$ cat final.txt   # compact mmCIF, N, CA and C atoms
# COMPACT_ATOMS: atom_id res chain seq x y z
N LEU A 14 4.96 -23.84 -2.65
CA LEU A 14 4.47 -22.46 -2.67
C LEU A 14 3.00 -22.41 -3.07
N GLU A 15 2.61 -23.30 -3.96
CA GLU A 15 1.21 -23.32 -4.41
C GLU A 15 0.26 -23.63 -3.25
N GLN A 16 0.68 -24.54 -2.36
CA GLN A 16 -0.16 -24.89 -1.22
C GLN A 16 -0.31 -23.70 -0.27
N VAL A 17 0.77 -22.97 -0.06
CA VAL A 17 0.71 -21.77 0.78
C VAL A 17 -0.21 -20.73 0.13
N ARG A 18 -0.06 -20.52 -1.16
CA ARG A 18 -0.90 -19.56 -1.88
C ARG A 18 -2.37 -19.93 -1.73
N ASP A 19 -2.69 -21.20 -1.84
CA ASP A 19 -4.08 -21.64 -1.69
C ASP A 19 -4.63 -21.33 -0.30
N MET A 20 -3.75 -21.29 0.68
CA MET A 20 -4.19 -21.03 2.06
C MET A 20 -4.31 -19.54 2.37
N VAL A 21 -3.47 -18.70 1.78
CA VAL A 21 -3.40 -17.30 2.22
C VAL A 21 -3.86 -16.27 1.20
N ALA A 22 -3.95 -16.62 -0.05
CA ALA A 22 -4.30 -15.64 -1.08
C ALA A 22 -5.74 -15.18 -0.94
N PRO A 23 -5.98 -13.87 -1.05
CA PRO A 23 -7.36 -13.36 -1.00
C PRO A 23 -8.11 -13.72 -2.28
N LEU A 24 -9.40 -13.55 -2.23
CA LEU A 24 -10.23 -13.75 -3.42
C LEU A 24 -9.86 -12.73 -4.49
N PRO A 25 -9.99 -13.09 -5.76
CA PRO A 25 -9.72 -12.12 -6.83
C PRO A 25 -10.54 -10.84 -6.69
N SER A 26 -11.78 -10.96 -6.22
CA SER A 26 -12.62 -9.76 -6.04
C SER A 26 -12.04 -8.83 -4.98
N THR A 27 -11.40 -9.39 -3.97
CA THR A 27 -10.76 -8.57 -2.93
C THR A 27 -9.57 -7.84 -3.52
N VAL A 28 -8.74 -8.53 -4.27
CA VAL A 28 -7.57 -7.92 -4.91
C VAL A 28 -8.04 -6.79 -5.83
N GLN A 29 -9.06 -7.03 -6.61
CA GLN A 29 -9.57 -6.01 -7.54
C GLN A 29 -10.09 -4.80 -6.80
N ALA A 30 -10.82 -5.00 -5.71
CA ALA A 30 -11.36 -3.88 -4.94
C ALA A 30 -10.24 -3.01 -4.36
N VAL A 31 -9.20 -3.65 -3.82
CA VAL A 31 -8.07 -2.90 -3.25
C VAL A 31 -7.32 -2.17 -4.36
N GLN A 32 -7.07 -2.83 -5.48
CA GLN A 32 -6.39 -2.17 -6.61
C GLN A 32 -7.20 -0.98 -7.11
N ARG A 33 -8.50 -1.16 -7.27
CA ARG A 33 -9.35 -0.07 -7.75
C ARG A 33 -9.27 1.14 -6.82
N TYR A 34 -9.34 0.88 -5.52
CA TYR A 34 -9.29 1.98 -4.57
C TYR A 34 -7.98 2.76 -4.69
N PHE A 35 -6.86 2.04 -4.65
CA PHE A 35 -5.57 2.73 -4.70
C PHE A 35 -5.31 3.35 -6.07
N ALA A 36 -5.73 2.70 -7.13
CA ALA A 36 -5.58 3.29 -8.48
C ALA A 36 -6.37 4.58 -8.59
N SER A 37 -7.53 4.64 -7.96
CA SER A 37 -8.34 5.86 -8.02
C SER A 37 -7.67 7.04 -7.32
N HIS A 38 -6.67 6.76 -6.50
CA HIS A 38 -5.91 7.81 -5.82
C HIS A 38 -4.54 8.04 -6.45
N GLY A 39 -4.26 7.39 -7.59
CA GLY A 39 -3.02 7.67 -8.31
C GLY A 39 -1.93 6.63 -8.16
N PHE A 40 -2.19 5.51 -7.50
CA PHE A 40 -1.18 4.46 -7.40
C PHE A 40 -1.13 3.66 -8.69
N PHE A 41 0.00 3.03 -8.94
CA PHE A 41 0.21 2.28 -10.18
C PHE A 41 1.23 1.17 -9.92
N GLY A 42 1.50 0.35 -10.94
CA GLY A 42 2.52 -0.69 -10.83
C GLY A 42 2.17 -1.78 -9.84
N PHE A 43 0.92 -2.17 -9.79
CA PHE A 43 0.48 -3.18 -8.84
C PHE A 43 1.06 -4.55 -9.19
N ARG A 44 1.51 -5.26 -8.16
CA ARG A 44 1.93 -6.65 -8.35
C ARG A 44 1.76 -7.39 -7.04
N LEU A 45 1.41 -8.65 -7.17
CA LEU A 45 1.24 -9.51 -6.00
C LEU A 45 2.49 -10.34 -5.78
N THR A 46 2.75 -10.69 -4.53
CA THR A 46 3.84 -11.60 -4.22
C THR A 46 3.48 -12.99 -4.73
N GLY A 47 4.44 -13.89 -4.72
CA GLY A 47 4.21 -15.25 -5.20
C GLY A 47 3.11 -15.98 -4.46
N THR A 48 2.94 -15.66 -3.18
CA THR A 48 1.87 -16.30 -2.41
C THR A 48 0.54 -15.57 -2.55
N GLY A 49 0.55 -14.41 -3.18
CA GLY A 49 -0.68 -13.68 -3.46
C GLY A 49 -1.27 -12.93 -2.30
N ASP A 50 -0.60 -12.95 -1.15
CA ASP A 50 -1.20 -12.31 0.02
C ASP A 50 -0.63 -10.93 0.33
N MET A 51 0.28 -10.45 -0.50
CA MET A 51 0.82 -9.10 -0.35
C MET A 51 0.83 -8.41 -1.70
N MET A 52 0.46 -7.15 -1.68
CA MET A 52 0.41 -6.36 -2.91
C MET A 52 1.42 -5.22 -2.80
N HIS A 53 2.22 -5.07 -3.83
CA HIS A 53 3.15 -3.95 -3.93
C HIS A 53 2.58 -2.96 -4.94
N MET A 54 2.83 -1.69 -4.70
CA MET A 54 2.38 -0.65 -5.62
C MET A 54 3.27 0.56 -5.46
N ARG A 55 3.17 1.45 -6.41
CA ARG A 55 3.96 2.68 -6.37
C ARG A 55 3.01 3.87 -6.46
N GLY A 56 3.45 4.99 -5.91
CA GLY A 56 2.65 6.20 -5.99
C GLY A 56 3.39 7.36 -5.36
N LYS A 57 2.91 8.52 -5.63
CA LYS A 57 3.50 9.74 -5.06
C LYS A 57 3.02 9.93 -3.62
N ALA A 58 3.76 10.75 -2.89
CA ALA A 58 3.37 11.04 -1.51
C ALA A 58 1.97 11.63 -1.45
N SER A 59 1.63 12.44 -2.42
CA SER A 59 0.29 13.04 -2.43
C SER A 59 -0.79 11.98 -2.60
N ALA A 60 -0.48 10.90 -3.33
CA ALA A 60 -1.43 9.79 -3.48
C ALA A 60 -1.61 9.08 -2.14
N ALA A 61 -0.52 8.88 -1.41
CA ALA A 61 -0.60 8.26 -0.09
C ALA A 61 -1.39 9.13 0.88
N ASP A 62 -1.14 10.44 0.83
CA ASP A 62 -1.90 11.37 1.68
C ASP A 62 -3.40 11.18 1.47
N ALA A 63 -3.81 11.16 0.21
CA ALA A 63 -5.23 11.08 -0.11
C ALA A 63 -5.81 9.70 0.20
N ALA A 64 -5.13 8.64 -0.23
CA ALA A 64 -5.67 7.29 -0.07
C ALA A 64 -5.69 6.84 1.39
N LEU A 65 -4.70 7.28 2.16
CA LEU A 65 -4.53 6.78 3.52
C LEU A 65 -4.90 7.81 4.59
N ASN A 66 -5.39 8.97 4.15
CA ASN A 66 -5.78 10.02 5.08
C ASN A 66 -4.67 10.31 6.09
N THR A 67 -3.49 10.59 5.56
CA THR A 67 -2.32 10.82 6.40
C THR A 67 -1.54 12.01 5.85
N GLU A 68 -0.39 12.27 6.41
CA GLU A 68 0.49 13.35 5.93
C GLU A 68 1.89 12.80 5.75
N MET A 69 2.34 12.73 4.51
CA MET A 69 3.68 12.27 4.20
C MET A 69 4.64 13.46 4.20
N ARG A 70 5.84 13.24 4.70
CA ARG A 70 6.86 14.29 4.72
C ARG A 70 8.20 13.70 4.28
N LEU A 71 9.00 14.52 3.66
CA LEU A 71 10.33 14.12 3.22
C LEU A 71 11.34 14.48 4.30
N TRP A 72 12.12 13.47 4.71
CA TRP A 72 13.17 13.67 5.71
C TRP A 72 14.51 13.49 5.03
N ARG A 73 15.44 14.41 5.31
CA ARG A 73 16.77 14.34 4.71
C ARG A 73 17.83 14.32 5.79
N ASN A 74 18.87 13.52 5.51
CA ASN A 74 20.02 13.43 6.40
C ASN A 74 21.24 13.24 5.51
N GLY A 75 21.93 14.31 5.25
CA GLY A 75 23.07 14.23 4.34
C GLY A 75 22.60 13.86 2.95
N LYS A 76 23.12 12.76 2.42
CA LYS A 76 22.76 12.33 1.07
C LYS A 76 21.50 11.45 1.04
N ARG A 77 21.04 11.02 2.19
CA ARG A 77 19.86 10.15 2.26
C ARG A 77 18.59 10.97 2.43
N SER A 78 17.55 10.50 1.80
CA SER A 78 16.23 11.09 2.02
C SER A 78 15.19 9.97 2.02
N ILE A 79 14.14 10.17 2.79
CA ILE A 79 13.11 9.15 2.92
C ILE A 79 11.77 9.82 3.19
N TRP A 80 10.72 9.29 2.59
CA TRP A 80 9.36 9.75 2.85
C TRP A 80 8.77 8.89 3.96
N ARG A 81 8.14 9.53 4.94
CA ARG A 81 7.48 8.81 6.02
C ARG A 81 6.20 9.55 6.40
N SER A 82 5.28 8.77 6.93
CA SER A 82 4.00 9.32 7.38
C SER A 82 4.16 9.94 8.76
N LEU A 83 3.57 11.11 8.95
CA LEU A 83 3.60 11.77 10.25
C LEU A 83 2.47 11.28 11.15
N LEU A 84 1.41 10.78 10.55
CA LEU A 84 0.22 10.36 11.28
C LEU A 84 -0.09 8.90 10.99
N PRO A 85 -0.82 8.25 11.87
CA PRO A 85 -1.29 6.90 11.54
C PRO A 85 -2.18 6.97 10.29
N TYR A 86 -2.17 5.92 9.51
CA TYR A 86 -3.02 5.91 8.33
C TYR A 86 -4.40 5.37 8.68
N SER A 87 -5.36 5.67 7.82
CA SER A 87 -6.69 5.08 7.95
C SER A 87 -7.25 4.86 6.56
N LEU A 88 -8.11 3.88 6.46
CA LEU A 88 -8.77 3.54 5.20
C LEU A 88 -10.27 3.60 5.40
N PRO A 89 -11.01 3.91 4.36
CA PRO A 89 -12.47 3.88 4.48
C PRO A 89 -12.96 2.44 4.69
N ALA A 90 -14.13 2.31 5.26
CA ALA A 90 -14.69 0.99 5.56
C ALA A 90 -14.79 0.11 4.32
N SER A 91 -14.97 0.71 3.15
CA SER A 91 -15.13 -0.07 1.92
C SER A 91 -13.92 -0.93 1.60
N VAL A 92 -12.74 -0.52 2.02
CA VAL A 92 -11.54 -1.33 1.80
C VAL A 92 -10.79 -1.64 3.09
N GLY A 93 -11.12 -0.94 4.15
CA GLY A 93 -10.42 -1.14 5.41
C GLY A 93 -10.47 -2.57 5.91
N GLY A 94 -11.59 -3.24 5.72
CA GLY A 94 -11.73 -4.62 6.16
C GLY A 94 -11.03 -5.62 5.27
N LEU A 95 -10.56 -5.15 4.11
CA LEU A 95 -9.88 -6.04 3.15
C LEU A 95 -8.37 -6.00 3.29
N VAL A 96 -7.85 -4.99 4.00
CA VAL A 96 -6.41 -4.77 4.12
C VAL A 96 -5.98 -5.08 5.55
N ASP A 97 -5.01 -5.98 5.70
CA ASP A 97 -4.53 -6.33 7.05
C ASP A 97 -3.54 -5.30 7.58
N TYR A 98 -2.61 -4.87 6.74
CA TYR A 98 -1.65 -3.86 7.17
C TYR A 98 -1.01 -3.20 5.96
N ILE A 99 -0.40 -2.06 6.22
CA ILE A 99 0.30 -1.31 5.18
C ILE A 99 1.69 -1.02 5.71
N SER A 100 2.69 -1.25 4.88
CA SER A 100 4.07 -0.93 5.29
C SER A 100 4.74 -0.11 4.21
N GLY A 101 5.86 0.46 4.56
CA GLY A 101 6.63 1.22 3.59
C GLY A 101 6.18 2.64 3.40
N ILE A 102 5.40 3.16 4.35
CA ILE A 102 5.02 4.58 4.26
C ILE A 102 5.63 5.34 5.41
$ encode --input "final.txt" --output "structure tokens"
Amino acid sequence: LEQVRDMVAPLPSTVQAVQRYFASHGFFGFRLTGTGDMMHMRGKASAADAALNTEMRLWRNGKRSIWRSLLPYSLPASVGGLVDYISGI
């Protein structure tokens, strides 16, 4: 796993820049995967709306509910080039 991490993990400055951006919009609970190339975080739908320039909506079906984006997301150039993809929105 260490060899994979050495190949795919971003620079610490990249991780810090991405964390700072999302934290400034209300995200929290940042953690990296074991290989260091994926970041997990938590936040409210309103934080996703602001950080990703999108519109989150709550969908309900019986007892299940899920938040999903109605629009494609976008990031400002300052962090857009540092993020390969976003999932779970």
$ closest_residue --input "final.txt" --among "A:Val17, A:Val96, A:Ala64, A:Pro25" --to "A:Gly39" --atoms "only C-alpha atoms"
A:Ala64
$ closest_residue --input "final.txt" --among "A:Asp50, A:Leu95, A:Tyr34, A:Gly42" --to "A:Ala22" --atoms "all atoms listed in the file"
A:Asp50
$ closest_residue --input "final.txt" --among "A:Thr46, A:Ser100, A:Ser37, A:Thr67" --to "A:Leu83" --atoms "all atoms listed in the file"
A:Thr67
$ select_by_dssp --input "final.txt" --residues "chain A" --states "strand (DSSP E or B)" --output "NGL selection string"
:A and (41-45 or 52-55 or 69-74 or 77-82)
$ closest_residue --input "final.txt" --among "A:Glu68, A:Ala90, A:Gly47, A:Asp62" --to "A:Leu14" --atoms "all atoms listed in the file"
A:Gly47
$ atom_distance --input "final.txt" --atom1 "atom C of A:Leu71" --atom2 "atom C of A:Lys57"
12.4 Å
$ closest_residue --input "final.txt" --among "A:Ala30, A:Met20, A:Leu45, A:Leu88" --to "A:Leu65" --atoms "only C-alpha atoms"
A:Leu88
$ closest_residue --input "final.txt" --among "A:Thr48, A:Arg70, A:Lys76, A:Ala63" --to "A:Phe35" --atoms "only C-alpha atoms"
A:Ala63
$ atom_distance --input "final.txt" --atom1 "atom N of A:Phe40" --atom2 "atom CA of A:Arg55"
6.9 Å
$ atom_distance --input "final.txt" --atom1 "atom CA of A:Ser91" --atom2 "atom CA of A:Ala61"
16.9 Å
$ residues_around --input "final.txt" --residues "A:Val31" --least-positions-apart "5" --cutoff "6.5 Å" --atoms "all atoms listed in the file" --output "list in words"
Ser26, Ala36 and Val92 of chain A
$ write_last_selection --input "final.txt" --atoms "N, CA and C atoms" --output "PDB file, in the coordinates of the input"
ATOM      1  N   SER A  26     -11.780 -10.960  -6.220  1.00  0.00           N
ATOM      2  CA  SER A  26     -12.620  -9.760  -6.040  1.00  0.00           C
ATOM      3  C   SER A  26     -12.040  -8.830  -4.980  1.00  0.00           C
ATOM      4  N   ALA A  36      -5.730   2.700  -7.130  1.00  0.00           N
ATOM      5  CA  ALA A  36      -5.580   3.290  -8.480  1.00  0.00           C
ATOM      6  C   ALA A  36      -6.370   4.580  -8.590  1.00  0.00           C
ATOM      7  N   VAL A  92     -12.740  -0.520   2.020  1.00  0.00           N
ATOM      8  CA  VAL A  92     -11.540  -1.330   1.800  1.00  0.00           C
ATOM      9  C   VAL A  92     -10.790  -1.640   3.090  1.00  0.00           C
TER      10      VAL A  92
END
$ axis_aligned_box --input "final.txt" --around "stretch 43-56 of chain A" --padding-each-side "6 Å" --output "JSON"
{"center_x": 1.6, "center_y": -4.5, "center_z": -4.7, "size_x": 17.7, "size_y": 35.7, "size_z": 22.1}
$ select_by_dssp --input "final.txt" --residues "chain A" --states "helix (DSSP H, G or I)" --output "PyMOL selection string"
chain A and resi 15-21+25-37+58-65+90-93
$ build_atoms --input "final.txt" --residues "stretch 51-76 of chain A" --atoms "N, CA, C and O atoms" --output "PDB file, in the coordinates of the input"
ATOM      1  N   MET A  51       0.280 -10.450  -0.500  1.00  0.00           N
ATOM      2  CA  MET A  51       0.820  -9.100  -0.350  1.00  0.00           C
ATOM      3  C   MET A  51       0.830  -8.410  -1.700  1.00  0.00           C
ATOM      4  O   MET A  51       1.161  -9.021  -2.710  1.00  0.00           O
ATOM      5  N   MET A  52       0.460  -7.150  -1.680  1.00  0.00           N
ATOM      6  CA  MET A  52       0.410  -6.360  -2.910  1.00  0.00           C
ATOM      7  C   MET A  52       1.420  -5.220  -2.800  1.00  0.00           C
ATOM      8  O   MET A  52       1.466  -4.510  -1.793  1.00  0.00           O
ATOM      9  N   HIS A  53       2.220  -5.070  -3.830  1.00  0.00           N
ATOM     10  CA  HIS A  53       3.150  -3.950  -3.930  1.00  0.00           C
ATOM     11  C   HIS A  53       2.580  -2.960  -4.940  1.00  0.00           C
ATOM     12  O   HIS A  53       1.943  -3.368  -5.921  1.00  0.00           O
ATOM     13  N   MET A  54       2.830  -1.690  -4.700  1.00  0.00           N
ATOM     14  CA  MET A  54       2.380  -0.650  -5.620  1.00  0.00           C
ATOM     15  C   MET A  54       3.270   0.560  -5.460  1.00  0.00           C
ATOM     16  O   MET A  54       4.034   0.659  -4.505  1.00  0.00           O
ATOM     17  N   ARG A  55       3.170   1.450  -6.410  1.00  0.00           N
ATOM     18  CA  ARG A  55       3.960   2.680  -6.370  1.00  0.00           C
ATOM     19  C   ARG A  55       3.010   3.870  -6.460  1.00  0.00           C
ATOM     20  O   ARG A  55       1.939   3.760  -7.042  1.00  0.00           O
ATOM     21  N   GLY A  56       3.450   4.990  -5.910  1.00  0.00           N
ATOM     22  CA  GLY A  56       2.650   6.200  -5.990  1.00  0.00           C
ATOM     23  C   GLY A  56       3.390   7.360  -5.360  1.00  0.00           C
ATOM     24  O   GLY A  56       4.376   7.168  -4.638  1.00  0.00           O
ATOM     25  N   LYS A  57       2.910   8.520  -5.630  1.00  0.00           N
ATOM     26  CA  LYS A  57       3.500   9.740  -5.060  1.00  0.00           C
ATOM     27  C   LYS A  57       3.020   9.930  -3.620  1.00  0.00           C
ATOM     28  O   LYS A  57       2.010   9.362  -3.211  1.00  0.00           O
ATOM     29  N   ALA A  58       3.760  10.750  -2.890  1.00  0.00           N
ATOM     30  CA  ALA A  58       3.370  11.040  -1.510  1.00  0.00           C
ATOM     31  C   ALA A  58       1.970  11.630  -1.450  1.00  0.00           C
ATOM     32  O   ALA A  58       1.196  11.323  -0.542  1.00  0.00           O
ATOM     33  N   SER A  59       1.630  12.440  -2.420  1.00  0.00           N
ATOM     34  CA  SER A  59       0.290  13.040  -2.430  1.00  0.00           C
ATOM     35  C   SER A  59      -0.790  11.980  -2.600  1.00  0.00           C
ATOM     36  O   SER A  59      -1.889  12.107  -2.057  1.00  0.00           O
ATOM     37  N   ALA A  60      -0.480  10.900  -3.330  1.00  0.00           N
ATOM     38  CA  ALA A  60      -1.430   9.790  -3.480  1.00  0.00           C
ATOM     39  C   ALA A  60      -1.610   9.080  -2.140  1.00  0.00           C
ATOM     40  O   ALA A  60      -2.723   8.717  -1.765  1.00  0.00           O
ATOM     41  N   ALA A  61      -0.520   8.880  -1.410  1.00  0.00           N
ATOM     42  CA  ALA A  61      -0.600   8.260  -0.090  1.00  0.00           C
ATOM     43  C   ALA A  61      -1.390   9.130   0.880  1.00  0.00           C
ATOM     44  O   ALA A  61      -2.214   8.635   1.649  1.00  0.00           O
ATOM     45  N   ASP A  62      -1.140  10.440   0.830  1.00  0.00           N
ATOM     46  CA  ASP A  62      -1.900  11.370   1.680  1.00  0.00           C
ATOM     47  C   ASP A  62      -3.400  11.180   1.470  1.00  0.00           C
ATOM     48  O   ASP A  62      -4.161  11.049   2.428  1.00  0.00           O
ATOM     49  N   ALA A  63      -3.810  11.160   0.210  1.00  0.00           N
ATOM     50  CA  ALA A  63      -5.230  11.080  -0.110  1.00  0.00           C
ATOM     51  C   ALA A  63      -5.810   9.700   0.200  1.00  0.00           C
ATOM     52  O   ALA A  63      -6.867   9.581   0.823  1.00  0.00           O
ATOM     53  N   ALA A  64      -5.130   8.640  -0.230  1.00  0.00           N
ATOM     54  CA  ALA A  64      -5.670   7.290  -0.070  1.00  0.00           C
ATOM     55  C   ALA A  64      -5.690   6.840   1.390  1.00  0.00           C
ATOM     56  O   ALA A  64      -6.580   6.094   1.801  1.00  0.00           O
ATOM     57  N   LEU A  65      -4.700   7.280   2.160  1.00  0.00           N
ATOM     58  CA  LEU A  65      -4.530   6.780   3.520  1.00  0.00           C
ATOM     59  C   LEU A  65      -4.900   7.810   4.590  1.00  0.00           C
ATOM     60  O   LEU A  65      -4.718   7.560   5.779  1.00  0.00           O
ATOM     61  N   ASN A  66      -5.390   8.970   4.150  1.00  0.00           N
ATOM     62  CA  ASN A  66      -5.780  10.020   5.080  1.00  0.00           C
ATOM     63  C   ASN A  66      -4.670  10.310   6.090  1.00  0.00           C
ATOM     64  O   ASN A  66      -4.852  10.238   7.302  1.00  0.00           O
ATOM     65  N   THR A  67      -3.490  10.590   5.560  1.00  0.00           N
ATOM     66  CA  THR A  67      -2.320  10.820   6.400  1.00  0.00           C
ATOM     67  C   THR A  67      -1.540  12.010   5.850  1.00  0.00           C
ATOM     68  O   THR A  67      -2.000  12.683   4.928  1.00  0.00           O
ATOM     69  N   GLU A  68      -0.390  12.270   6.410  1.00  0.00           N
ATOM     70  CA  GLU A  68       0.490  13.350   5.930  1.00  0.00           C
ATOM     71  C   GLU A  68       1.890  12.800   5.750  1.00  0.00           C
ATOM     72  O   GLU A  68       2.547  12.435   6.720  1.00  0.00           O
ATOM     73  N   MET A  69       2.340  12.730   4.510  1.00  0.00           N
ATOM     74  CA  MET A  69       3.680  12.270   4.200  1.00  0.00           C
ATOM     75  C   MET A  69       4.640  13.460   4.200  1.00  0.00           C
ATOM     76  O   MET A  69       4.279  14.544   3.727  1.00  0.00           O
ATOM     77  N   ARG A  70       5.840  13.240   4.700  1.00  0.00           N
ATOM     78  CA  ARG A  70       6.860  14.290   4.720  1.00  0.00           C
ATOM     79  C   ARG A  70       8.200  13.700   4.280  1.00  0.00           C
ATOM     80  O   ARG A  70       8.489  12.535   4.554  1.00  0.00           O
ATOM     81  N   LEU A  71       9.000  14.520   3.660  1.00  0.00           N
ATOM     82  CA  LEU A  71      10.330  14.120   3.220  1.00  0.00           C
ATOM     83  C   LEU A  71      11.340  14.480   4.300  1.00  0.00           C
ATOM     84  O   LEU A  71      11.403  15.623   4.744  1.00  0.00           O
ATOM     85  N   TRP A  72      12.120  13.470   4.710  1.00  0.00           N
ATOM     86  CA  TRP A  72      13.170  13.670   5.710  1.00  0.00           C
ATOM     87  C   TRP A  72      14.510  13.490   5.030  1.00  0.00           C
ATOM     88  O   TRP A  72      14.706  12.554   4.263  1.00  0.00           O
ATOM     89  N   ARG A  73      15.440  14.410   5.310  1.00  0.00           N
ATOM     90  CA  ARG A  73      16.770  14.340   4.710  1.00  0.00           C
ATOM     91  C   ARG A  73      17.830  14.320   5.790  1.00  0.00           C
ATOM     92  O   ARG A  73      17.738  15.006   6.798  1.00  0.00           O
ATOM     93  N   ASN A  74      18.870  13.520   5.510  1.00  0.00           N
ATOM     94  CA  ASN A  74      20.020  13.430   6.400  1.00  0.00           C
ATOM     95  C   ASN A  74      21.240  13.240   5.510  1.00  0.00           C
ATOM     96  O   ASN A  74      21.518  12.124   5.078  1.00  0.00           O
ATOM     97  N   GLY A  75      21.930  14.310   5.250  1.00  0.00           N
ATOM     98  CA  GLY A  75      23.070  14.230   4.340  1.00  0.00           C
ATOM     99  C   GLY A  75      22.600  13.860   2.950  1.00  0.00           C
ATOM    100  O   GLY A  75      21.765  14.530   2.371  1.00  0.00           O
ATOM    101  N   LYS A  76      23.120  12.760   2.420  1.00  0.00           N
ATOM    102  CA  LYS A  76      22.760  12.330   1.070  1.00  0.00           C
ATOM    103  C   LYS A  76      21.500  11.450   1.040  1.00  0.00           C
ATOM    104  O   LYS A  76      20.985  11.152  -0.017  1.00  0.00           O
TER     105      LYS A  76
END
